[in-house]
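Peer 1: Structure supplied as model_7.cif; contents: mmCIF, C-alpha atoms.
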```
data_model
#
loop_
_atom_site.group_PDB
_atom_site.id
_atom_site.type_symbol
_atom_site.label_atom_id
_atom_site.label_comp_id
_atom_site.auth_asym_id
_atom_site.auth_seq_id
_atom_site.Cartn_x
_atom_site.Cartn_y
_atom_site.Cartn_z
ATOM 1 C CA MET A 1 7.238 5.170 -27.676
ATOM 2 C CA GLY A 2 9.400 3.316 -25.149
ATOM 3 C CA ILE A 3 8.850 1.362 -21.975
ATOM 4 C CA LEU A 4 9.751 4.301 -19.707
ATOM 5 C CA ASN A 5 8.281 7.688 -18.886
ATOM 6 C CA ILE A 6 11.581 9.572 -18.627
ATOM 7 C CA ARG A 7 11.238 12.931 -16.861
ATOM 8 C CA LEU A 8 13.011 15.304 -14.493
ATOM 9 C CA ALA A 9 13.373 13.779 -11.035
ATOM 10 C CA LYS A 10 11.180 15.282 -8.320
ATOM 11 C CA ARG A 11 10.502 14.249 -4.747
ATOM 12 C CA GLY A 12 7.132 12.585 -5.310
ATOM 13 C CA GLU A 13 4.499 11.570 -2.815
ATOM 14 C CA SER A 14 5.496 8.064 -1.718
ATOM 15 C CA LYS A 15 3.733 5.234 0.056
ATOM 16 C CA ALA A 16 5.215 3.286 2.937
ATOM 17 C CA ILE A 17 5.106 -0.503 3.143
ATOM 18 C CA ILE A 18 6.228 -1.584 6.614
ATOM 19 C CA GLY A 19 6.944 -5.105 7.831
ATOM 20 C CA ILE A 20 6.574 -5.920 11.546
ATOM 21 C CA ALA A 21 7.452 -9.475 12.591
ATOM 22 C CA GLY A 22 7.386 -11.101 15.993
ATOM 23 C CA VAL A 23 6.560 -14.181 17.999
ATOM 24 C CA SER A 24 3.146 -14.521 19.618
ATOM 25 C CA GLY A 25 2.712 -11.864 22.295
ATOM 26 C CA SER A 26 5.426 -9.576 20.951
ATOM 27 C CA GLY A 27 2.994 -6.698 20.438
ATOM 28 C CA LYS A 28 3.112 -6.538 16.649
ATOM 29 C CA THR A 29 -0.657 -6.116 16.118
ATOM 30 C CA TYR A 30 -1.025 -3.444 18.804
ATOM 31 C CA THR A 31 2.037 -1.615 17.503
ATOM 32 C CA ALA A 32 0.849 -1.788 13.890
ATOM 33 C CA LEU A 33 -2.517 -0.254 14.768
ATOM 34 C CA LYS A 34 -0.923 2.493 16.837
ATOM 35 C CA ILE A 35 1.486 3.379 14.033
ATOM 36 C CA ALA A 36 -1.411 3.351 11.577
ATOM 37 C CA ARG A 37 -3.384 5.739 13.801
ATOM 38 C CA GLY A 38 -0.541 8.228 13.697
ATOM 39 C CA MET A 39 -0.660 8.172 9.904
ATOM 40 C CA VAL A 40 -4.316 9.177 9.485
ATOM 41 C CA SER A 41 -6.601 11.972 10.639
ATOM 42 C CA LYS A 42 -9.250 9.591 12.019
ATOM 43 C CA ALA A 43 -9.400 5.917 12.963
ATOM 44 C CA SER A 44 -12.009 5.077 10.311
ATOM 45 C CA GLU A 45 -9.354 5.650 7.622
ATOM 46 C CA ILE A 46 -7.538 2.530 8.870
ATOM 47 C CA GLY A 47 -8.299 -0.890 7.410
ATOM 48 C CA PHE A 48 -7.476 -4.187 9.110
ATOM 49 C CA LEU A 49 -7.227 -7.400 7.076
ATOM 50 C CA ASP A 50 -7.622 -10.189 9.635
ATOM 51 C CA THR A 51 -6.436 -13.712 8.820
ATOM 52 C CA GLU A 52 -6.246 -14.730 12.480
ATOM 53 C CA ASN A 53 -9.853 -15.879 12.980
ATOM 54 C CA LYS A 54 -11.245 -12.493 14.063
ATOM 55 C CA ARG A 55 -8.493 -11.780 16.591
ATOM 56 C CA GLY A 56 -8.267 -8.289 15.164
ATOM 57 C CA SER A 57 -11.633 -7.503 16.742
ATOM 58 C CA LEU A 58 -9.978 -7.848 20.153
ATOM 59 C CA TYR A 59 -8.217 -4.552 19.407
ATOM 60 C CA ALA A 60 -11.395 -2.696 18.413
ATOM 61 C CA ASP A 61 -11.249 -0.334 21.403
ATOM 62 C CA ILE A 62 -7.547 0.561 21.566
ATOM 63 C CA LEU A 63 -7.910 3.568 19.262
ATOM 64 C CA ASP A 64 -9.930 6.761 19.619
ATOM 65 C CA GLY A 65 -12.504 5.516 17.140
ATOM 66 C CA GLU A 66 -13.557 2.521 15.077
ATOM 67 C CA PHE A 67 -11.409 1.200 12.243
ATOM 68 C CA MET A 68 -12.520 -0.832 9.225
ATOM 69 C CA ILE A 69 -12.004 -4.593 9.425
ATOM 70 C CA GLY A 70 -12.374 -7.503 7.026
ATOM 71 C CA ASP A 71 -11.815 -11.206 7.703
ATOM 72 C CA LEU A 72 -9.917 -13.400 5.257
ATOM 73 C CA TYR A 73 -10.466 -17.134 5.596
ATOM 74 C CA PRO A 74 -8.688 -20.084 3.931
ATOM 75 C CA PRO A 75 -7.507 -20.686 1.352
ATOM 76 C CA PHE A 76 -4.847 -18.058 1.969
ATOM 77 C CA SER A 77 -3.736 -17.921 -1.643
ATOM 78 C CA PRO A 78 -1.774 -14.922 -2.941
ATOM 79 C CA SER A 79 -4.664 -14.129 -5.298
ATOM 80 C CA ARG A 80 -7.127 -13.850 -2.393
ATOM 81 C CA TYR A 81 -4.750 -11.513 -0.569
ATOM 82 C CA ARG A 82 -4.549 -9.436 -3.733
ATOM 83 C CA ASP A 83 -8.325 -9.227 -4.009
ATOM 84 C CA ALA A 84 -8.580 -8.253 -0.338
ATOM 85 C CA ILE A 85 -6.039 -5.446 -0.753
ATOM 86 C CA LYS A 86 -7.948 -4.119 -3.755
ATOM 87 C CA GLU A 87 -11.240 -4.207 -1.821
ATOM 88 C CA PHE A 88 -9.791 -2.111 0.996
ATOM 89 C CA GLN A 89 -8.356 0.316 -1.549
ATOM 90 C CA GLU A 90 -11.774 0.629 -3.190
ATOM 91 C CA ALA A 91 -13.291 1.271 0.253
ATOM 92 C CA GLY A 92 -11.144 4.390 0.588
ATOM 93 C CA VAL A 93 -8.816 3.097 3.297
ATOM 94 C CA LYS A 94 -5.620 5.144 3.663
ATOM 95 C CA VAL A 95 -3.572 2.795 5.843
ATOM 96 C CA LEU A 96 -4.068 -0.969 5.747
ATOM 97 C CA VAL A 97 -2.824 -3.340 8.446
ATOM 98 C CA ILE A 98 -2.511 -6.957 7.276
ATOM 99 C CA ASP A 99 -2.377 -9.453 10.123
ATOM 100 C CA SER A 100 -0.902 -11.764 9.092
ATOM 101 C CA VAL A 101 1.004 -11.958 5.817
ATOM 102 C CA SER A 102 2.638 -15.209 6.965
ATOM 103 C CA HIS A 103 -0.451 -17.169 5.906
ATOM 104 C CA GLU A 104 0.203 -16.166 2.294
ATOM 105 C CA TRP A 105 3.481 -18.062 2.462
ATOM 106 C CA GLU A 106 2.737 -21.147 4.539
ATOM 107 C CA GLY A 107 -0.928 -21.013 5.528
ATOM 108 C CA GLU A 108 -3.647 -23.299 4.202
ATOM 109 C CA GLY A 109 -3.814 -22.741 0.444
ATOM 110 C CA GLY A 110 -0.779 -20.441 0.538
ATOM 111 C CA VAL A 111 2.367 -20.477 -1.573
ATOM 112 C CA ASP A 112 3.807 -23.608 0.022
ATOM 113 C CA ASP A 113 0.581 -25.531 -0.631
ATOM 114 C CA ILE A 114 0.425 -24.260 -4.215
ATOM 115 C CA ALA A 115 3.984 -25.460 -4.817
ATOM 116 C CA ASN A 116 3.054 -28.926 -3.595
ATOM 117 C CA ILE A 117 -0.043 -29.417 -5.733
ATOM 118 C CA LYS A 118 0.598 -32.580 -7.725
ATOM 119 C CA MET A 119 0.781 -31.944 -11.463
ATOM 120 C CA GLY A 120 0.081 -35.131 -13.422
ATOM 121 C CA LYS A 121 2.392 -37.979 -12.520
ATOM 122 C CA SER A 122 5.131 -35.738 -11.188
ATOM 123 C CA ASN A 123 5.697 -35.536 -7.442
ATOM 124 C CA MET A 124 8.111 -32.622 -7.771
ATOM 125 C CA PRO A 125 7.081 -29.296 -6.180
ATOM 126 C CA ASN A 126 5.842 -26.739 -8.712
ATOM 127 C CA TRP A 127 7.714 -23.700 -7.423
ATOM 128 C CA ILE A 128 7.494 -21.960 -10.795
ATOM 129 C CA LEU A 129 3.723 -21.600 -10.395
ATOM 130 C CA ALA A 130 3.962 -20.823 -6.677
ATOM 131 C CA LYS A 131 6.562 -18.091 -7.111
ATOM 132 C CA ARG A 132 4.596 -16.559 -9.967
ATOM 133 C CA GLU A 133 1.582 -16.289 -7.663
ATOM 134 C CA HIS A 134 3.700 -14.734 -4.917
ATOM 135 C CA LYS A 135 5.234 -12.203 -7.312
ATOM 136 C CA ALA A 136 1.763 -11.128 -8.409
ATOM 137 C CA PHE A 137 0.829 -10.606 -4.742
ATOM 138 C CA MET A 138 3.958 -8.506 -4.209
ATOM 139 C CA ASN A 139 3.115 -6.424 -7.259
ATOM 140 C CA THR A 140 -0.332 -5.625 -5.853
ATOM 141 C CA LEU A 141 1.158 -4.835 -2.444
ATOM 142 C CA LEU A 142 3.771 -2.468 -3.838
ATOM 143 C CA GLN A 143 1.488 -0.780 -6.398
ATOM 144 C CA SER A 144 -1.323 -0.007 -3.959
ATOM 145 C CA THR A 145 -2.251 3.610 -3.255
ATOM 146 C CA MET A 146 -2.510 2.798 0.462
ATOM 147 C CA ASN A 147 0.212 2.812 3.066
ATOM 148 C CA ILE A 148 0.392 -0.789 4.266
ATOM 149 C CA ILE A 149 1.685 -2.329 7.490
ATOM 150 C CA CYS A 150 2.335 -6.067 7.230
ATOM 151 C CA CYS A 151 2.361 -8.113 10.434
ATOM 152 C CA LEU A 152 4.199 -11.423 10.246
ATOM 153 C CA ARG A 153 4.653 -14.347 12.552
ATOM 154 C CA ALA A 154 8.177 -15.253 13.636
ATOM 155 C CA ARG A 155 9.746 -18.328 15.150
ATOM 156 C CA GLU A 156 13.054 -19.992 15.901
ATOM 157 C CA LYS A 157 14.718 -21.300 12.768
ATOM 158 C CA THR A 158 17.452 -23.915 12.564
ATOM 159 C CA ASP A 159 19.766 -24.770 9.686
ATOM 160 C CA PHE A 160 19.922 -28.551 9.221
ATOM 161 C CA LYS A 161 22.282 -28.616 6.242
ATOM 162 C CA ASN A 162 24.572 -30.663 8.440
ATOM 163 C CA PRO A 163 22.170 -32.879 10.453
ATOM 164 C CA LYS A 164 24.925 -33.750 12.873
ATOM 165 C CA GLU A 165 25.620 -30.103 13.656
ATOM 166 C CA PRO A 166 22.388 -28.056 13.348
ATOM 167 C CA VAL A 167 22.895 -24.303 13.536
ATOM 168 C CA SER A 168 20.391 -21.977 15.199
ATOM 169 C CA LEU A 169 19.502 -18.991 13.011
ATOM 170 C CA GLY A 170 17.562 -17.273 15.773
ATOM 171 C CA ILE A 171 14.060 -15.836 15.490
ATOM 172 C CA GLN A 172 13.111 -15.366 11.839
ATOM 173 C CA PRO A 173 9.986 -13.936 10.120
ATOM 174 C CA VAL A 174 7.697 -16.511 8.496
ATOM 175 C CA CYS A 175 7.641 -15.314 4.895
ATOM 176 C CA GLU A 176 9.446 -15.510 1.577
ATOM 177 C CA LYS A 177 13.152 -14.921 2.208
ATOM 178 C CA ASN A 178 13.281 -11.526 0.463
ATOM 179 C CA PHE A 179 9.931 -10.219 1.690
ATOM 180 C CA MET A 180 11.184 -8.074 4.572
ATOM 181 C CA PHE A 181 13.724 -6.388 2.308
ATOM 182 C CA GLU A 182 11.028 -5.458 -0.227
ATOM 183 C CA MET A 183 9.493 -3.251 2.463
ATOM 184 C CA THR A 184 10.164 0.450 2.920
ATOM 185 C CA ALA A 185 11.101 -0.468 6.484
ATOM 186 C CA SER A 186 11.048 -3.755 8.394
ATOM 187 C CA LEU A 187 11.754 -4.865 11.923
ATOM 188 C CA LEU A 188 11.533 -7.721 14.391
ATOM 189 C CA MET A 189 9.667 -7.069 17.643
ATOM 190 C CA GLU A 190 11.385 -8.200 20.837
ATOM 191 C CA ASN A 191 10.771 -8.021 24.581
ATOM 192 C CA GLU A 192 6.967 -7.718 24.151
ATOM 193 C CA GLY A 193 7.426 -4.766 21.829
ATOM 194 C CA LYS A 194 9.677 -2.753 24.114
ATOM 195 C CA THR A 195 12.670 -3.251 21.832
ATOM 196 C CA GLN A 196 13.070 -3.860 18.119
ATOM 197 C CA LYS A 197 15.684 -5.398 15.863
ATOM 198 C CA PHE A 198 15.787 -3.416 12.645
ATOM 199 C CA LEU A 199 16.068 -5.433 9.451
ATOM 200 C CA LYS A 200 15.756 -2.481 7.084
ATOM 201 C CA ILE A 201 15.381 1.169 8.065
ATOM 202 C CA PRO A 202 16.262 3.801 5.436
ATOM 203 C CA GLU A 203 18.073 6.883 6.639
ATOM 204 C CA PHE A 204 15.079 9.161 6.036
ATOM 205 C CA LEU A 205 12.947 7.129 8.481
ATOM 206 C CA ARG A 206 15.491 6.618 11.266
ATOM 207 C CA SER A 207 14.081 9.464 13.316
ATOM 208 C CA ALA A 208 10.621 7.876 13.089
ATOM 209 C CA PHE A 209 11.706 4.471 14.382
ATOM 210 C CA GLY A 210 14.310 5.631 16.869
ATOM 211 C CA THR A 211 17.114 3.492 18.244
ATOM 212 C CA GLY A 212 15.262 0.209 18.724
ATOM 213 C CA SER A 213 14.705 0.822 22.422
ATOM 214 C CA GLY A 214 11.255 1.899 23.579
ATOM 215 C CA TYR A 215 7.737 1.316 22.299
ATOM 216 C CA LEU A 216 6.680 2.406 18.831
ATOM 217 C CA GLY A 217 3.294 4.051 18.415
ATOM 218 C CA GLU A 218 1.320 6.975 17.064
ATOM 219 C CA ALA A 219 4.317 9.311 17.178
ATOM 220 C CA THR A 220 6.131 6.865 14.885
ATOM 221 C CA GLY A 221 3.262 6.924 12.419
ATOM 222 C CA LYS A 222 3.062 10.715 12.546
ATOM 223 C CA LYS A 223 6.733 11.049 11.604
ATOM 224 C CA ILE A 224 6.314 8.540 8.768
ATOM 225 C CA ILE A 225 3.339 10.378 7.282
ATOM 226 C CA ASP A 226 5.073 13.744 7.714
ATOM 227 C CA TRP A 227 7.944 12.429 5.596
ATOM 228 C CA ILE A 228 5.506 11.094 2.988
ATOM 229 C CA ASN A 229 3.656 14.398 2.832
ATOM 230 C CA THR A 230 6.800 16.369 2.006
ATOM 231 C CA GLY A 231 6.601 14.993 -1.530
ATOM 232 C CA GLU A 232 4.961 16.699 -4.486
ATOM 233 C CA LYS A 233 1.195 16.238 -4.335
ATOM 234 C CA GLU A 234 -0.828 14.498 -7.022
ATOM 235 C CA ASP A 235 -4.571 14.344 -7.539
ATOM 236 C CA PRO A 236 -5.561 11.266 -5.462
ATOM 237 C CA VAL A 237 -7.996 10.157 -8.187
ATOM 238 C CA ILE A 238 -5.166 10.114 -10.735
ATOM 239 C CA THR A 239 -2.922 8.267 -8.278
ATOM 240 C CA LYS A 240 -5.625 5.644 -7.778
ATOM 241 C CA LEU A 241 -6.151 5.229 -11.521
ATOM 242 C CA LYS A 242 -2.411 4.829 -12.084
ATOM 243 C CA SER A 243 -2.349 2.096 -9.470
ATOM 244 C CA GLU A 244 -5.327 0.290 -11.015
ATOM 245 C CA MET A 245 -3.792 0.427 -14.493
ATOM 246 C CA LEU A 246 -0.496 -0.975 -13.234
ATOM 247 C CA MET A 247 -2.286 -3.806 -11.439
ATOM 248 C CA ALA A 248 -4.256 -4.557 -14.603
ATOM 249 C CA CYS A 249 -1.144 -4.990 -16.763
ATOM 250 C CA GLU A 250 -0.777 -8.642 -15.762
ATOM 251 C CA PHE A 251 -4.059 -9.362 -17.585
ATOM 252 C CA GLY A 252 -2.603 -8.086 -20.830
ATOM 253 C CA LEU A 253 -3.883 -5.227 -22.956
ATOM 254 C CA ALA A 254 -7.458 -6.241 -22.194
ATOM 255 C CA GLY A 255 -6.904 -5.405 -18.544
ATOM 256 C CA VAL A 256 -5.539 -1.939 -19.294
ATOM 257 C CA ILE A 257 -8.160 -1.077 -21.908
ATOM 258 C CA ALA A 258 -10.968 -2.126 -19.570
ATOM 259 C CA ILE A 259 -9.907 0.667 -17.209
ATOM 260 C CA TRP A 260 -8.977 3.152 -19.943
ATOM 261 C CA ASN A 261 -12.473 2.994 -21.423
ATOM 262 C CA THR A 262 -13.979 4.162 -18.123
ATOM 263 C CA LEU A 263 -11.919 7.375 -17.961
ATOM 264 C CA THR A 264 -13.089 10.881 -18.739
ATOM 265 C CA PRO A 265 -11.356 12.846 -21.533
ATOM 266 C CA ALA A 266 -9.601 14.983 -18.902
ATOM 267 C CA GLN A 267 -8.313 11.896 -17.081
ATOM 268 C CA LYS A 268 -7.113 10.348 -20.340
ATOM 269 C CA LYS A 269 -5.156 13.501 -21.108
ATOM 270 C CA LYS A 270 -3.389 13.359 -17.737
ATOM 271 C CA LEU A 271 -2.699 9.634 -18.042
ATOM 272 C CA GLU A 272 -1.587 9.460 -21.679
ATOM 273 C CA SER A 273 2.099 8.807 -20.922
ATOM 274 C CA HIS A 274 1.158 6.388 -18.138
ATOM 275 C CA LYS A 275 -1.101 4.524 -20.573
ATOM 276 C CA ASN A 276 1.764 4.087 -23.017
ATOM 277 C CA MET A 277 3.991 2.701 -20.276
ATOM 278 C CA CYS A 278 1.248 0.307 -19.150
ATOM 279 C CA LYS A 279 0.692 -0.788 -22.745
ATOM 280 C CA GLU A 280 4.326 -1.847 -23.027
ATOM 281 C CA SER A 281 4.126 -3.656 -19.699
ATOM 282 C CA ALA A 282 0.884 -5.432 -20.636
ATOM 283 C CA GLU A 283 2.345 -6.581 -23.945
ATOM 284 C CA GLU A 284 5.323 -8.072 -22.117
ATOM 285 C CA TYR A 285 2.972 -9.926 -19.770
ATOM 286 C CA GLU A 286 1.182 -11.301 -22.828
ATOM 287 C CA ARG A 287 4.466 -12.357 -24.399
ATOM 288 C CA GLN A 288 5.503 -14.224 -21.258
ATOM 289 C CA ALA A 289 2.064 -15.794 -20.917
ATOM 290 C CA LYS A 290 2.249 -17.016 -24.503
ATOM 291 C CA MET A 291 5.609 -18.597 -23.747
ATOM 292 C CA ALA A 292 3.977 -20.426 -20.841
ATOM 293 C CA ASP A 293 0.952 -21.390 -22.960
ATOM 294 C CA GLU A 294 -1.283 -19.128 -20.897
ATOM 295 C CA THR A 295 -3.768 -16.472 -21.985
ATOM 296 C CA PRO A 296 -4.035 -13.678 -19.414
ATOM 297 C CA GLN A 297 -6.820 -12.083 -21.472
ATOM 298 C CA ASP A 298 -9.138 -14.920 -20.450
ATOM 299 C CA SER A 299 -9.563 -13.197 -17.086
ATOM 300 C CA ILE A 300 -10.983 -10.054 -18.694
ATOM 301 C CA ARG A 301 -14.265 -10.701 -20.448
ATOM 302 C CA ASN A 302 -17.290 -8.691 -21.449
ATOM 303 C CA PRO A 303 -20.688 -9.478 -19.865
ATOM 304 C CA ASP A 304 -21.496 -11.662 -22.885
ATOM 305 C CA GLY A 305 -18.432 -13.793 -22.197
ATOM 306 C CA GLN A 306 -16.364 -12.433 -25.077
ATOM 307 C CA ILE A 307 -12.789 -11.256 -24.546
ATOM 308 C CA ALA A 308 -12.642 -7.469 -24.401
ATOM 309 C CA PRO A 309 -10.964 -5.602 -27.307
ATOM 310 C CA VAL A 310 -7.252 -5.134 -26.763
ATOM 311 C CA ASN A 311 -6.325 -2.235 -29.037
ATOM 312 C CA LEU A 312 -5.466 0.882 -27.090
ATOM 313 C CA PRO A 313 -6.511 4.121 -28.760
#
```
Let me see whether you can do it: turn the structure in this file into structure tokens.
Peer 2:
Amino acid sequence: MGILNIRLAKRGESKAIIGIAGVSGSGKTYTALKIARGMVSKASEIGFLDTENKRGSLYADILDGEFMIGDLYPPFSPSRYRDAIKEFQEAGVKVLVIDSVSHEWEGEGGVDDIANIKMGKSNMPNWILAKREHKAFMNTLLQSTMNIICCLRAREKTDFKNPKEPVSLGIQPVCEKNFMFEMTASLLMENEGKTQKFLKIPEFLRSAFGTGSGYLGEATGKKIIDWINTGEKEDPVITKLKSEMLMACEFGLAGVIAIWNTLTPAQKKKLESHKNMCKESAEEYERQAKMADETPQDSIRNPDGQIAPVNLP
């Protein structure tokens, strides 16, 4: 048994993670909701994670029906974003709009704050802990069964490496430096949404996003979902279980077994190879946690407070 499930390559059903950044008033929220509407059969299949003090409710009537909304308040830690994503997934949402992801990076209780928590007598930033939290958030984002549209704030950025000759870097998204390139597609909204600067657009989605001139909307979302739907179909229940098992790997074998024990015999048969892959991944998480003097199993306990058994059948 290895760490991979090696098989013949097939065009599988994918999920799109899209990043839309822009300054205030650039139309990113409106555009995100319109794209999301084009990706679903009805508005109620859209979820909206609002970190902007209920501003998302201002857009409640722009679609042809009501969408699902949930408010996230400080602290904007990566772990709270992860929990919020999982809650929307459990609610059956097909496309999730997150407005805004920027809080995860520099909002109250976000990654920047975590890095600057004082540890003992040291005044040095703890970026090891902060980056670990961010990576866990990215893992949840990328392993979700939902299509996700991430809205991000943007602002003018200046390079002060030479204080005497600062260099303008132009409008930049407020996020971890690699975030926009982790997306399936990412762009910067300009001219109140009328034009876009593409940061990453794969060839297979160029027809969906166009040339960067003109508004994006439901037609964009329709083309994105049409591309997604050309892949080989999988039972959505199995897809969801695969996602949950992958997300549970960070908690060690206890996390995987907690899900495995809830499956039916038929589901276990379909997920046998996936279980073996998750087992290897979970064991590696445990190894790394041991190196860092952590015990990821502590997060998975039985109702009586005892750590769940960790031996996979």
Peer 1: Which residues are near A:Lys34? Cut-off 8 Å, only C-alpha atoms, ignore same chain within fewer than 5 positions. Put them as a list in words.
Peer 2: Leu63, Leu216, Gly217, Glu218 and Gly221 of chain A
Peer 1: How about saving the chosen residues, C-alpha atoms kept, as a PDB file, in the frame of the given file?
Peer 2:
```pdb
ATOM      1  CA  LEU A  63      -7.910   3.568  19.262  1.00  0.00           C
ATOM      2  CA  LEU A 216       6.680   2.406  18.831  1.00  0.00           C
ATOM      3  CA  GLY A 217       3.294   4.051  18.415  1.00  0.00           C
ATOM      4  CA  GLU A 218       1.320   6.975  17.064  1.00  0.00           C
ATOM      5  CA  GLY A 221       3.262   6.924  12.419  1.00  0.00           C
TER       6      GLY A 221
END
```
Peer 1: Which polymer residues have any atom within 12 Å of an atom of A:Asp226, counting only C-alpha atoms, with same-chain residues fewer than 2 positions away left out, as a short mmCIF file (atom, residue, chain, number, x, y, z; two decimals) with C-alpha atoms, keeping the file's coordinate frame?
Peer 2:
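Resulting contents of selection_8.cif:
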```cif
data_model
loop_
_atom_site.label_atom_id
_atom_site.label_comp_id
_atom_site.auth_asym_id
_atom_site.auth_seq_id
_atom_site.Cartn_x
_atom_site.Cartn_y
_atom_site.Cartn_z
CA GLU A 13 4.50 11.57 -2.82
CA SER A 14 5.50 8.06 -1.72
CA LYS A 15 3.73 5.23 0.06
CA ALA A 16 5.22 3.29 2.94
CA GLY A 38 -0.54 8.23 13.70
CA MET A 39 -0.66 8.17 9.90
CA VAL A 40 -4.32 9.18 9.48
CA PHE A 204 15.08 9.16 6.04
CA LEU A 205 12.95 7.13 8.48
CA SER A 207 14.08 9.46 13.32
CA ALA A 208 10.62 7.88 13.09
CA ALA A 219 4.32 9.31 17.18
CA THR A 220 6.13 6.86 14.88
CA GLY A 221 3.26 6.92 12.42
CA LYS A 222 3.06 10.72 12.55
CA LYS A 223 6.73 11.05 11.60
CA ILE A 224 6.31 8.54 8.77
CA ILE A 228 5.51 11.09 2.99
CA ASN A 229 3.66 14.40 2.83
CA THR A 230 6.80 16.37 2.01
CA GLY A 231 6.60 14.99 -1.53
#
```
Peer 1: Quick one: residues within 10 Å of A:Asn53, only C-alpha atoms, excluding same-chain residues fewer than 6 positions away - as a PDB file with C-alpha atoms, in the frame of the given file?
Peer 2:
```
ATOM      1  CA  ASP A  71     -11.815 -11.206   7.703  1.00  0.00           C
ATOM      2  CA  LEU A  72      -9.917 -13.400   5.257  1.00  0.00           C
ATOM      3  CA  TYR A  73     -10.466 -17.134   5.596  1.00  0.00           C
TER       4      TYR A  73
END
```
Peer 1: Could you work out an axis-aligned box for stretch 276-284 of chain A, taking every atom the file lists and adding 5 Å on each side, and report centre and edge lengths in Å to one decimal, as JSON?
Peer 2:
```
{"center_x": 3.0, "center_y": -2.0, "center_z": -21.5, "size_x": 14.6, "size_y": 22.2, "size_z": 14.8}
```
Peer 1: Which residues, named as in the file, does the PyMOL selection byres ((chain A and resi 176) around 12) pick out? Answer as a list in words.
Peer 2: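 This file, filtered by the PyMOL selection byres ((chain A and resi 176) around 12), leaves Val101, Ser102, His103, Glu104, Trp105, Glu106, Gly110, Val111, Asp112, Ala130, Lys131, His134, Lys135, Phe137, Met138, Leu152, Gln172, Pro173, Val174, Cys175, Lys177, Asn178, Phe179, Met180, Phe181 and Glu182 of chain A.
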Peer 1: Just the number, please: distance in Å from atom CA of A:Ala36 to atom CA of A:Val23, one decimal.
Peer 2: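 Going from atom CA of A:Ala36 over to atom CA of A:Val23 covers 20.3 Å.
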Peer 1: Taking the point (-4.5, 0.4, -9.2) as given in the file, collect each protein or nucleic acid residue that comes within 12 Å of it, counting only C-alpha atoms, and present the set as a compact mmCIF listing (two decimals) with C-alpha atoms, in the frame of the given file.
Peer 2:
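out34.txt, written as the output of this step:
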```txt
# COMPACT_ATOMS: atom_id res chain seq x y z
CA ARG A 82 -4.55 -9.44 -3.73
CA ASP A 83 -8.32 -9.23 -4.01
CA ILE A 85 -6.04 -5.45 -0.75
CA LYS A 86 -7.95 -4.12 -3.76
CA GLU A 87 -11.24 -4.21 -1.82
CA PHE A 88 -9.79 -2.11 1.00
CA GLN A 89 -8.36 0.32 -1.55
CA GLU A 90 -11.77 0.63 -3.19
CA ASN A 139 3.12 -6.42 -7.26
CA THR A 140 -0.33 -5.62 -5.85
CA LEU A 141 1.16 -4.84 -2.44
CA LEU A 142 3.77 -2.47 -3.84
CA GLN A 143 1.49 -0.78 -6.40
CA SER A 144 -1.32 -0.01 -3.96
CA THR A 145 -2.25 3.61 -3.26
CA MET A 146 -2.51 2.80 0.46
CA PRO A 236 -5.56 11.27 -5.46
CA VAL A 237 -8.00 10.16 -8.19
CA ILE A 238 -5.17 10.11 -10.74
CA THR A 239 -2.92 8.27 -8.28
CA LYS A 240 -5.62 5.64 -7.78
CA LEU A 241 -6.15 5.23 -11.52
CA LYS A 242 -2.41 4.83 -12.08
CA SER A 243 -2.35 2.10 -9.47
CA GLU A 244 -5.33 0.29 -11.02
CA MET A 245 -3.79 0.43 -14.49
CA LEU A 246 -0.50 -0.98 -13.23
CA MET A 247 -2.29 -3.81 -11.44
CA ALA A 248 -4.26 -4.56 -14.60
CA CYS A 249 -1.14 -4.99 -16.76
CA GLU A 250 -0.78 -8.64 -15.76
CA GLY A 255 -6.90 -5.40 -18.54
CA VAL A 256 -5.54 -1.94 -19.29
CA ILE A 259 -9.91 0.67 -17.21
CA TRP A 260 -8.98 3.15 -19.94
CA CYS A 278 1.25 0.31 -19.15
```
